[in-house]
>>> print(open('upload.tsv').read())   # TSV, C-alpha atoms and all ligand atoms
chain	number	residue	atom	x	y	z
A	1	MET	CA	85.64	-94.08	-19.35
A	2	ASN	CA	89.18	-95.01	-20.34
A	3	ILE	CA	90.63	-93.35	-23.40
A	4	HIS	CA	94.13	-92.52	-24.44
A	5	GLU	CA	95.76	-89.55	-22.73
A	6	SER	CA	96.37	-87.70	-26.00
A	7	ALA	CA	92.70	-88.08	-26.97
A	8	GLU	CA	91.80	-86.40	-23.68
A	9	ASP	CA	94.14	-83.55	-24.58
A	10	TYR	CA	92.52	-83.08	-27.99
A	11	LEU	CA	89.01	-83.09	-26.54
A	12	GLU	CA	90.04	-80.63	-23.83
A	13	ALA	CA	91.59	-78.34	-26.46
A	14	ILE	CA	88.39	-78.47	-28.55
A	15	LEU	CA	86.32	-77.49	-25.51
A	16	MET	CA	88.66	-74.63	-24.60
A	17	ILE	CA	88.70	-73.22	-28.12
A	18	ASN	CA	84.93	-73.52	-28.37
A	19	GLU	CA	84.45	-71.63	-25.11
A	20	ARG	CA	86.82	-68.93	-26.27
A	21	SER	CA	85.62	-68.40	-29.82
A	22	GLY	CA	82.38	-70.35	-30.24
A	23	ARG	CA	83.62	-72.57	-33.10
A	24	VAL	CA	86.43	-74.99	-33.74
A	25	ARG	CA	88.19	-76.33	-36.82
A	26	SER	CA	91.19	-78.66	-37.06
A	27	ILE	CA	93.46	-75.70	-37.79
A	28	ASP	CA	92.49	-74.13	-34.45
A	29	VAL	CA	93.54	-77.35	-32.68
A	30	VAL	CA	96.85	-77.28	-34.58
A	31	GLU	CA	97.47	-73.74	-33.34
A	32	GLU	CA	96.34	-74.52	-29.78
A	33	LEU	CA	98.49	-77.62	-29.30
A	34	GLY	CA	101.37	-76.82	-31.64
A	35	TYR	CA	101.25	-80.25	-33.33
A	36	SER	CA	101.58	-80.78	-37.07
A	37	LYS	CA	98.54	-80.61	-39.38
A	38	PRO	CA	98.79	-84.27	-40.46
A	39	SER	CA	98.93	-85.56	-36.88
A	40	ILE	CA	95.90	-83.45	-35.86
A	41	SER	CA	94.05	-84.67	-38.94
A	42	ILE	CA	94.64	-88.31	-37.95
A	43	ALA	CA	93.68	-87.58	-34.34
A	44	MET	CA	90.40	-85.92	-35.43
A	45	LYS	CA	89.63	-88.91	-37.64
A	46	HIS	CA	90.09	-91.28	-34.65
A	47	LEU	CA	87.95	-89.07	-32.40
A	48	ARG	CA	85.23	-89.10	-35.05
A	49	GLU	CA	85.40	-92.86	-35.50
A	50	ASN	CA	85.15	-93.35	-31.75
A	51	GLY	CA	82.10	-91.11	-31.46
A	52	TYR	CA	83.68	-88.26	-29.46
A	53	ILE	CA	83.29	-85.53	-32.10
A	54	THR	CA	81.37	-84.80	-35.25
A	55	MET	CA	82.58	-82.65	-38.13
A	56	ASP	CA	80.30	-80.84	-40.58
A	57	ASN	CA	80.89	-80.26	-44.32
A	58	GLU	CA	82.78	-77.04	-43.64
A	59	GLY	CA	85.10	-78.74	-41.16
A	60	TYR	CA	83.58	-77.36	-37.96
A	61	ILE	CA	83.99	-79.70	-35.02
A	62	THR	CA	81.37	-80.40	-32.35
A	63	LEU	CA	81.88	-82.52	-29.24
A	64	THR	CA	79.36	-85.34	-28.82
A	65	GLY	CA	77.85	-86.05	-25.38
A	66	SER	CA	80.60	-88.51	-24.44
A	67	GLY	CA	83.34	-86.29	-25.91
A	68	PHE	CA	82.03	-83.32	-23.98
A	69	GLU	CA	81.94	-85.30	-20.72
A	70	ILE	CA	85.60	-86.28	-21.05
A	71	ALA	CA	86.70	-82.80	-22.15
A	72	GLN	CA	84.86	-81.17	-19.27
A	73	ARG	CA	86.34	-83.54	-16.68
A	74	ILE	CA	89.91	-82.94	-17.88
A	75	TYR	CA	89.46	-79.20	-18.25
A	76	THR	CA	88.09	-78.88	-14.71
A	77	ARG	CA	91.03	-80.89	-13.40
A	78	HIS	CA	93.43	-78.73	-15.39
A	79	ARG	CA	92.11	-75.48	-13.95
A	80	LEU	CA	92.00	-76.70	-10.37
A	81	LEU	CA	95.45	-78.31	-10.47
A	82	THR	CA	96.97	-75.20	-12.05
A	83	ARG	CA	95.41	-73.06	-9.37
A	84	PHE	CA	96.54	-75.40	-6.60
A	85	LEU	CA	100.13	-75.38	-7.86
A	86	THR	CA	100.28	-71.61	-8.36
A	87	GLY	CA	98.88	-71.29	-4.82
A	88	LEU	CA	101.94	-73.23	-3.62
A	89	GLY	CA	104.19	-70.70	-5.35
A	90	VAL	CA	104.88	-72.59	-8.59
A	91	SER	CA	105.15	-70.18	-11.55
A	92	ALA	CA	102.03	-69.96	-13.73
A	93	GLU	CA	103.79	-71.49	-16.73
A	94	ALA	CA	105.27	-74.44	-14.82
A	95	ALA	CA	101.97	-74.99	-12.98
A	96	ALA	CA	100.01	-75.20	-16.24
A	97	ALA	CA	102.58	-77.58	-17.76
A	98	ASP	CA	102.59	-79.84	-14.68
A	99	ALA	CA	98.79	-79.80	-14.48
A	100	CYS	CA	98.75	-81.11	-18.08
A	101	LYS	CA	100.80	-84.11	-16.97
A	102	ILE	CA	98.96	-84.93	-13.72
A	103	GLU	CA	95.40	-84.27	-14.88
A	104	HIS	CA	95.11	-87.59	-16.70
A	105	ASP	CA	96.42	-89.88	-13.99
A	106	LEU	CA	94.94	-88.78	-10.66
A	107	SER	CA	92.14	-91.01	-9.32
A	108	GLU	CA	88.73	-89.39	-8.71
A	109	GLU	CA	89.27	-89.89	-4.98
A	110	ALA	CA	92.69	-88.21	-4.90
A	111	PHE	CA	91.43	-85.36	-7.07
A	112	ASP	CA	88.43	-84.78	-4.83
A	113	LYS	CA	90.62	-84.77	-1.68
A	114	LEU	CA	93.12	-82.44	-3.29
A	115	THR	CA	90.35	-80.02	-4.27
A	116	ARG	CA	88.94	-80.00	-0.74
A	117	TYR	CA	92.42	-79.54	0.72
A	118	ALA	CA	93.17	-76.68	-1.66
A	119	ALA	CA	89.92	-74.98	-0.64
A	120	SER	CA	90.60	-75.38	3.08
A	121	SER	CA	94.23	-74.23	2.91
A	122	VAL	CA	93.41	-70.80	1.47
A	123	THR	CA	93.90	-67.95	3.95
A	124	PRO	CA	91.02	-65.48	4.39
A	125	GLU	CA	93.21	-62.79	2.80
A	126	GLU	CA	93.90	-64.93	-0.30
A	127	ASN	CA	90.21	-65.79	-0.47
A	128	MET	CA	89.23	-62.11	-0.53
A	129	TYR	CA	91.85	-61.08	-3.08
A	130	ARG	CA	91.04	-64.04	-5.29
A	131	ARG	CA	87.29	-63.46	-5.30
A	132	ARG	CA	86.67	-61.73	-8.58
A	133	SER	CA	83.58	-61.46	-10.71
A	134	VAL	CA	83.52	-64.37	-13.13
A	135	ARG	CA	81.23	-63.91	-16.12
A	136	ALA	CA	82.05	-66.93	-18.29
A	137	PHE	CA	81.33	-70.48	-17.22
A	138	THR	CA	81.70	-74.03	-18.46
A	139	ALA	CA	78.53	-76.11	-18.82
A	140	GLU	CA	79.46	-78.31	-15.83
A	141	ALA	CA	76.74	-78.33	-13.18
A	142	VAL	CA	77.36	-77.08	-9.63
A	143	SER	CA	76.95	-80.10	-7.33
A	144	ALA	CA	74.19	-80.17	-4.73
A	145	ALA	CA	76.87	-80.39	-2.00
A	146	ASP	CA	78.62	-77.25	-3.26
A	147	ALA	CA	75.33	-75.38	-3.59
A	148	GLU	CA	74.52	-76.23	0.01
A	149	SER	CA	77.98	-75.06	1.17
A	150	LEU	CA	77.35	-71.71	-0.54
A	151	LEU	CA	74.08	-71.27	1.31
A	152	ARG	CA	75.50	-72.39	4.65
A	153	CYS	CA	78.15	-69.67	4.31
A	154	ALA	CA	75.62	-67.08	3.13
A	155	MET	CA	73.46	-67.70	6.16
A	156	ALA	CA	76.45	-67.35	8.51
A	157	ALA	CA	76.43	-63.60	7.75
A	158	PRO	CA	75.70	-60.94	10.36
A	159	SER	CA	72.32	-59.21	10.27
A	160	ALA	CA	70.72	-56.36	12.20
A	161	CYS	CA	69.19	-57.73	15.43
A	162	ASN	CA	70.04	-61.15	13.97
A	163	ARG	CA	66.75	-61.05	12.06
A	164	ARG	CA	68.22	-62.89	9.06
A	165	PRO	CA	65.70	-61.32	6.66
A	166	TRP	CA	66.93	-63.28	3.65
A	167	GLU	CA	65.47	-65.82	1.26
A	168	PHE	CA	67.52	-67.70	-1.35
A	169	TYR	CA	66.08	-69.02	-4.62
A	170	VAL	CA	68.32	-71.66	-6.19
A	171	VAL	CA	67.54	-71.80	-9.90
A	172	ARG	CA	68.77	-74.50	-12.28
A	173	SER	CA	65.98	-74.92	-14.86
A	174	ALA	CA	67.02	-73.75	-18.33
A	175	GLU	CA	63.75	-71.88	-18.80
A	176	LYS	CA	64.01	-69.90	-15.56
A	177	LEU	CA	67.74	-69.26	-16.00
A	178	GLU	CA	67.02	-67.71	-19.37
A	179	ALA	CA	64.24	-65.56	-17.97
A	180	LEU	CA	66.43	-64.37	-15.08
A	181	ARG	CA	69.35	-63.60	-17.39
A	182	ALA	CA	67.06	-61.16	-19.18
A	183	ALA	CA	66.36	-59.20	-15.97
A	184	THR	CA	68.77	-56.43	-17.07
A	185	ARG	CA	71.26	-55.91	-19.89
A	186	TYR	CA	74.07	-56.65	-17.43
A	187	THR	CA	72.85	-60.03	-16.22
A	188	ASP	CA	73.19	-62.16	-19.33
A	189	TYR	CA	75.84	-64.75	-18.39
A	190	ASN	CA	75.87	-68.49	-19.03
A	191	ALA	CA	76.08	-69.89	-15.48
A	192	PRO	CA	74.31	-73.22	-14.88
A	193	LEU	CA	73.09	-71.96	-11.51
A	194	ILE	CA	71.68	-68.65	-10.32
A	195	VAL	CA	71.07	-67.93	-6.66
A	196	VAL	CA	68.63	-65.07	-6.20
A	197	VAL	CA	69.26	-63.36	-2.89
A	198	ALA	CA	66.08	-61.68	-1.75
A	199	GLY	CA	65.06	-59.63	1.28
A	200	ASN	CA	62.07	-60.55	3.37
A	201	THR	CA	60.94	-57.06	4.37
A	202	ALA	CA	58.43	-58.46	6.84
A	203	ARG	CA	61.33	-59.90	8.86
A	204	SER	CA	63.75	-57.00	8.44
A	205	ALA	CA	64.78	-54.80	11.35
A	206	GLY	CA	63.18	-51.49	10.32
A	207	GLY	CA	60.77	-53.12	7.84
A	208	GLU	CA	60.66	-52.25	4.17
A	209	THR	CA	63.11	-49.35	4.44
A	210	GLY	CA	65.15	-51.06	7.14
A	211	PHE	CA	68.34	-53.08	7.25
A	212	TRP	CA	67.47	-55.91	4.85
A	213	VAL	CA	69.69	-54.54	2.06
A	214	GLN	CA	72.78	-54.57	4.27
A	215	ASP	CA	71.87	-57.96	5.76
A	216	CYS	CA	71.34	-59.59	2.37
A	217	SER	CA	74.50	-57.95	1.00
A	218	ALA	CA	76.55	-59.47	3.80
A	219	ALA	CA	75.05	-62.88	2.95
A	220	ALA	CA	75.77	-62.36	-0.76
A	221	GLU	CA	79.43	-61.55	-0.10
A	222	ASN	CA	79.80	-64.65	2.09
A	223	LEU	CA	78.37	-66.69	-0.77
A	224	LEU	CA	80.86	-65.20	-3.25
A	225	LEU	CA	83.81	-65.93	-0.97
A	226	GLU	CA	82.74	-69.54	-0.50
A	227	ALA	CA	82.30	-69.93	-4.26
A	228	ASP	CA	85.92	-68.90	-4.68
A	229	ALA	CA	87.06	-71.25	-1.92
A	230	LEU	CA	85.31	-74.16	-3.66
A	231	GLY	CA	87.02	-73.36	-6.97
A	232	LEU	CA	83.78	-72.05	-8.46
A	233	GLY	CA	83.26	-68.71	-10.19
A	234	ALA	CA	80.48	-66.27	-9.36
A	235	CYS	CA	79.18	-62.85	-10.28
A	236	TRP	CA	76.90	-60.62	-8.22
A	237	CYS	CA	74.36	-58.90	-10.48
A	238	GLY	CA	72.38	-56.10	-8.93
A	239	ILE	CA	68.58	-56.17	-9.16
A	240	TYR	CA	67.23	-53.91	-6.39
A	241	PRO	CA	66.64	-50.91	-6.53
A	242	GLY	CA	66.04	-51.22	-10.29
A	243	VAL	CA	62.27	-51.05	-10.56
A	244	THR	CA	61.98	-52.96	-13.85
A	245	ALA	CA	64.55	-55.59	-12.86
A	246	VAL	CA	62.79	-56.20	-9.54
A	247	LYS	CA	59.46	-56.61	-11.38
A	248	ARG	CA	60.96	-59.06	-13.88
A	249	VAL	CA	62.62	-61.26	-11.26
A	250	ARG	CA	59.52	-61.12	-9.09
A	251	ARG	CA	57.46	-62.37	-12.03
A	252	VAL	CA	59.86	-65.22	-12.92
A	253	LEU	CA	59.89	-66.50	-9.35
A	254	SER	CA	56.29	-65.58	-8.44
A	255	LEU	CA	57.49	-63.70	-5.37
A	256	PRO	CA	55.00	-62.22	-2.91
A	257	GLU	CA	55.01	-58.45	-2.23
A	258	GLU	CA	57.11	-58.61	0.95
A	259	ILE	CA	59.98	-60.44	-0.80
A	260	VAL	CA	62.31	-58.11	-2.75
A	261	PRO	CA	64.97	-59.62	-5.03
A	262	LEU	CA	68.25	-57.87	-4.26
A	263	ALA	CA	70.72	-59.70	-6.50
A	264	LEU	CA	71.19	-62.54	-8.95
A	265	ILE	CA	74.35	-64.45	-8.25
A	266	HIS	CA	75.58	-66.45	-11.20
A	267	VAL	CA	77.54	-69.51	-10.07
A	268	GLY	CA	79.39	-72.13	-12.08
A	269	HIS	CA	82.74	-73.61	-12.97
A	270	PRO	CA	84.81	-70.71	-14.28
A	271	ALA	CA	85.86	-70.43	-17.91
A	272	GLU	CA	87.95	-67.34	-17.10
A	273	SER	CA	90.29	-66.51	-14.23
A	274	PRO	CA	90.58	-62.81	-13.37
A	275	GLU	CA	93.76	-61.95	-11.46
A	276	PRO	CA	93.61	-61.82	-7.65
A	277	ARG	CA	94.06	-58.30	-6.28
A	278	THR	CA	93.33	-55.85	-3.51
A	279	GLN	CA	92.21	-52.39	-4.50
A	280	TYR	CA	93.88	-50.77	-1.53
A	281	GLU	CA	93.89	-46.97	-1.74
A	282	PRO	CA	95.61	-45.26	1.19
A	283	ASP	CA	93.78	-41.98	0.54
A	284	LYS	CA	90.51	-43.68	1.37
A	285	VAL	CA	91.73	-44.28	4.89
A	286	HIS	CA	90.99	-41.39	7.29
A	287	THR	CA	92.35	-40.93	10.76
A	288	PRO	CA	90.30	-38.09	12.23
A	289	ASP	CA	91.79	-38.28	15.76
B	301	LIG	C1	75.64	-54.23	-5.95
B	301	LIG	C2	76.41	-54.82	-7.09
B	301	LIG	C3	75.81	-54.92	-8.33
B	301	LIG	C4	76.50	-55.48	-9.41
B	301	LIG	N1	75.85	-55.64	-10.60
B	301	LIG	C5	76.48	-56.26	-11.63
B	301	LIG	C6	75.79	-56.53	-12.84
B	301	LIG	O1	74.60	-56.25	-12.99
B	301	LIG	N2	76.46	-57.16	-13.83
B	301	LIG	C7	77.77	-57.51	-13.70
B	301	LIG	O2	78.33	-58.06	-14.64
B	301	LIG	N3	78.47	-57.26	-12.57
B	301	LIG	C8	77.85	-56.65	-11.52
B	301	LIG	N4	78.51	-56.45	-10.34
B	301	LIG	C9	79.93	-56.83	-10.22
B	301	LIG	C10	80.84	-55.59	-10.28
B	301	LIG	O3	80.86	-55.10	-11.59
B	301	LIG	C11	82.25	-56.02	-9.80
B	301	LIG	O4	82.18	-56.46	-8.49
B	301	LIG	C12	83.23	-54.86	-9.89
B	301	LIG	O5	83.46	-54.46	-11.22
B	301	LIG	C13	84.60	-55.24	-9.28
B	301	LIG	O6	85.15	-56.38	-9.90
B	301	LIG	P1	85.43	-57.72	-9.09
B	301	LIG	O7	84.12	-58.26	-8.57
B	301	LIG	O8	86.06	-58.66	-10.08
B	301	LIG	O9	86.35	-57.41	-7.94
B	301	LIG	C14	77.85	-55.91	-9.25
B	301	LIG	C15	78.44	-55.82	-7.99
B	301	LIG	C16	77.73	-55.30	-6.92
B	301	LIG	C17	78.37	-55.26	-5.55
>>> encode(input="upload.tsv", output="structure tokens")
Amino acid sequence: MNIHESAEDYLEAILMINERSGRVRSIDVVEELGYSKPSISIAMKHLRENGYITMDNEGYITLTGSGFEIAQRIYTRHRLLTRFLTGLGVSAEAAAADACKIEHDLSEEAFDKLTRYAASSVTPEENMYRRRSVRAFTAEAVSAADAESLLRCAMAAPSACNRRPWEFYVVRSAEKLEALRAATRYTDYNAPLIVVVAGNTARSAGGETGFWVQDCSAAAENLLLEADALGLGACWCGIYPGVTAVKRVRRVLSLPEEIVPLALIHVGHPAESPEPRTQYEPDKVHTPD
């Protein structure tokens, strides 16, 4: 889909404002982009005439399907390019400004290769500091290839006696996502994908009260780290040992008795970027010898 670069900028701005505040009017776009009111008014008129947005009687703007597709593509590029450049040491401000220029012109192929390179060039330390809980997501789907990478990494985790007592439920249907989000009051996020990490107590070293919690937790952490490496966002939401939450998730997924849902992991393209950090506390380090 070829449209003018500035139209892509407007659509991207509309998407960003909508994700931030849930509604968009022309004045919000003026404030976001710093252009004059008349020029934004003309731009919105063109976007409307070309079928990328609609505007209701009160002036609220909604992206159409094709407008949303373009906005999403550019916004994803913007975030990943900014992150790639800041990873190289470019200041956050310069990185964001440069990303704005490059995001329109890179071919799909070059962008895909750059994304893969950026993921592979992250050191384990950066990966661990950068992994933060992300609780706001764009509507962009997580690709099947990325979902498989997450599970490959999860299943590379250590487990007691190498029993690997884990099961993963990959949920994408709107109906099931909604039901899972309601598992607890702390699990209601808008990710397009939830991976339920569950323990198979029949396979666990030590059975029902055995090592499955540790084993599945190691797998869950691997999954979170890979999500970060792929430029995705994720949030671990605890289910077990909450009796009601376990019951609810069990019901949604029709799980048999021996399978215990440990966590819901929300995964998607991030609409927020918490700062990387360690939480190093020297007084938690003990040297008894
Ligand atoms: C066992 C466990 C359960 C968690 N449950 C939830 C939850 O239900 N909802 C949520 O928003 N975050 C949940 N989190 C995420 C933590 O709140 C988060 O990891 C913590 O605040 C540190 O922030 P960070 O992940 O950005 O480093 C959980 C994390 C773990 C390890």
>>> residues_around(input="upload.tsv", residues="A:Thr54", least_positions_apart="2", cutoff="7 Å", atoms="all atoms listed in the file", output="PyMOL selection string")
chain A and resi 48+56+61-64
>>> closest_atom_pairs(input="upload.tsv", of="chain A", to="ligand LIG 301 (chain B)", cutoff="8 Å", atoms="all atoms listed in the file", output="tab-separated table")
residue	atom	partner	partner_atom	distance
A:Arg131	CA	B:LIG301	O9	6.7
A:Arg132	CA	B:LIG301	O8	3.5
A:Ser133	CA	B:LIG301	O8	3.8
A:Val134	CA	B:LIG301	O8	7.0
A:Arg135	CA	B:LIG301	O2	6.7
A:Thr184	CA	B:LIG301	O1	7.1
A:Arg185	CA	B:LIG301	O1	7.7
A:Tyr186	CA	B:LIG301	N2	4.4
A:Thr187	CA	B:LIG301	N2	5.2
A:Ser217	CA	B:LIG301	C1	8.0
A:Cys235	CA	B:LIG301	C9	6.1
A:Trp236	CA	B:LIG301	C14	4.9
A:Cys237	CA	B:LIG301	C5	3.6
A:Gly238	CA	B:LIG301	C3	3.7
A:Ile239	CA	B:LIG301	O1	7.1
A:Ala263	CA	B:LIG301	C3	7.2
A:Pro274	CA	B:LIG301	O8	7.0
A:Arg277	CA	B:LIG301	O9	7.9
>>> residues_around(input="upload.tsv", residues="A:Ser273", least_positions_apart="6", cutoff="12 Å", atoms="all atoms listed in the file", output="ChimeraX atom specification")
/A:79-80,82-83,130-137,228,231-234
>>> write_last_selection(input="upload.tsv", atoms="C-alpha atoms", output="short mmCIF file (atom, residue, chain, number, x, y, z; two decimals), in the frame of the given file")
data_model
loop_
_atom_site.label_atom_id
_atom_site.label_comp_id
_atom_site.auth_asym_id
_atom_site.auth_seq_id
_atom_site.Cartn_x
_atom_site.Cartn_y
_atom_site.Cartn_z
CA ARG A 79 92.11 -75.48 -13.95
CA LEU A 80 92.00 -76.70 -10.37
CA THR A 82 96.97 -75.20 -12.05
CA ARG A 83 95.41 -73.06 -9.37
CA ARG A 130 91.04 -64.04 -5.29
CA ARG A 131 87.29 -63.46 -5.30
CA ARG A 132 86.67 -61.73 -8.58
CA SER A 133 83.58 -61.46 -10.71
CA VAL A 134 83.52 -64.37 -13.13
CA ARG A 135 81.23 -63.91 -16.12
CA ALA A 136 82.05 -66.93 -18.29
CA PHE A 137 81.33 -70.48 -17.22
CA ASP A 228 85.92 -68.90 -4.68
CA GLY A 231 87.02 -73.36 -6.97
CA LEU A 232 83.78 -72.05 -8.46
CA GLY A 233 83.26 -68.71 -10.19
CA ALA A 234 80.48 -66.27 -9.36
#
>>> closest_atom_pairs(input="upload.tsv", of="stretch 60-159 of chain A", to="stretch 11-29 of chain A", cutoff="10 Å", atoms="only C-alpha atoms", output="Markdown table")
| residue | atom | partner | partner_atom | distance |
| --- | --- | --- | --- | --- |
| A:Tyr60 | CA | A:Arg25 | CA | 4.9 |
| A:Ile61 | CA | A:Val24 | CA | 5.5 |
| A:Thr62 | CA | A:Val24 | CA | 7.5 |
| A:Leu63 | CA | A:Leu11 | CA | 7.6 |
| A:Gly67 | CA | A:Leu11 | CA | 6.5 |
| A:Phe68 | CA | A:Leu15 | CA | 7.4 |
| A:Glu69 | CA | A:Leu11 | CA | 9.4 |
| A:Ile70 | CA | A:Leu11 | CA | 7.2 |
| A:Ala71 | CA | A:Glu12 | CA | 4.3 |
| A:Gln72 | CA | A:Glu12 | CA | 6.9 |
| A:Arg73 | CA | A:Glu12 | CA | 8.6 |
| A:Ile74 | CA | A:Glu12 | CA | 6.4 |
| A:Tyr75 | CA | A:Glu12 | CA | 5.8 |
| A:Thr76 | CA | A:Glu12 | CA | 9.5 |
| A:His78 | CA | A:Glu12 | CA | 9.3 |
| A:Ala136 | CA | A:Glu19 | CA | 8.6 |
| A:Phe137 | CA | A:Glu19 | CA | 8.6 |
| A:Thr138 | CA | A:Glu19 | CA | 7.6 |
| A:Ala139 | CA | A:Glu19 | CA | 9.7 |
>>> closest_residue(input="upload.tsv", among="A:Ala229, A:Leu180, A:Val285, A:Ala245", to="A:Tyr129", atoms="all atoms listed in the file")
A:Ala229
>>> residues_around(input="upload.tsv", residues="A:Met128", least_positions_apart="4", cutoff="12 Å", atoms="only C-alpha atoms", output="ChimeraX atom specification")
/A:122-124,132-133,221-229,275-279
>>> decode(input="upload.tsv", residues="stretch 195-216 of chain A", atoms="N, CA and C atoms", output="tab-separated table (two decimals), in the first residue's frame")
chain	number	residue	atom	x	y	z
A	195	VAL	N	-0.23	-17.01	26.67
A	195	VAL	CA	0.29	-18.37	26.82
A	195	VAL	C	0.03	-18.77	28.27
A	196	VAL	N	-0.74	-19.83	28.46
A	196	VAL	CA	-0.94	-20.34	29.82
A	196	VAL	C	0.13	-21.40	30.05
A	197	VAL	N	0.94	-21.16	31.08
A	197	VAL	CA	1.96	-22.14	31.45
A	197	VAL	C	1.36	-22.99	32.57
A	198	ALA	N	1.30	-24.28	32.32
A	198	ALA	CA	0.64	-25.15	33.30
A	198	ALA	C	1.56	-26.31	33.67
A	199	GLY	N	1.40	-26.80	34.90
A	199	GLY	CA	2.21	-27.92	35.37
A	199	GLY	C	1.44	-29.23	35.18
A	200	ASN	N	2.16	-30.21	34.72
A	200	ASN	CA	1.57	-31.55	34.61
A	200	ASN	C	2.07	-32.34	35.82
A	201	THR	N	1.21	-32.38	36.87
A	201	THR	CA	1.68	-32.94	38.15
A	201	THR	C	1.95	-34.44	38.03
A	202	ALA	N	1.36	-35.07	37.04
A	202	ALA	CA	1.61	-36.50	36.86
A	202	ALA	C	3.03	-36.76	36.36
A	203	ARG	N	3.63	-35.74	35.75
A	203	ARG	CA	5.00	-35.90	35.23
A	203	ARG	C	6.05	-35.29	36.15
A	204	SER	N	5.61	-34.56	37.16
A	204	SER	CA	6.55	-33.78	37.98
A	204	SER	C	7.38	-34.67	38.91
A	205	ALA	N	8.66	-34.33	39.04
A	205	ALA	CA	9.46	-35.00	40.07
A	205	ALA	C	8.84	-34.62	41.41
A	206	GLY	N	8.43	-35.60	42.20
A	206	GLY	CA	7.78	-35.30	43.48
A	206	GLY	C	6.28	-35.16	43.37
A	207	GLY	N	5.70	-35.37	42.21
A	207	GLY	CA	4.24	-35.35	42.04
A	207	GLY	C	3.62	-34.00	42.28
A	208	GLU	N	2.39	-34.04	42.82
A	208	GLU	CA	1.59	-32.83	42.97
A	208	GLU	C	2.26	-31.74	43.80
A	209	THR	N	2.98	-32.17	44.86
A	209	THR	CA	3.65	-31.17	45.71
A	209	THR	C	5.14	-31.09	45.37
A	210	GLY	N	5.49	-31.58	44.22
A	210	GLY	CA	6.91	-31.66	43.84
A	210	GLY	C	7.44	-30.41	43.16
A	211	PHE	N	8.33	-30.64	42.18
A	211	PHE	CA	9.11	-29.53	41.62
A	211	PHE	C	8.45	-28.80	40.45
A	212	TRP	N	7.20	-29.15	40.12
A	212	TRP	CA	6.64	-28.58	38.88
A	212	TRP	C	6.56	-27.05	38.91
A	213	VAL	N	6.36	-26.46	40.09
A	213	VAL	CA	6.26	-24.99	40.15
A	213	VAL	C	7.59	-24.35	39.73
A	214	GLN	N	8.69	-24.87	40.28
A	214	GLN	CA	10.00	-24.33	39.90
A	214	GLN	C	10.26	-24.57	38.41
A	215	ASP	N	9.96	-25.78	37.96
A	215	ASP	CA	10.24	-26.14	36.56
A	215	ASP	C	9.48	-25.22	35.60
A	216	CYS	N	8.19	-25.04	35.89
A	216	CYS	CA	7.37	-24.20	35.01
A	216	CYS	C	7.77	-22.73	35.12
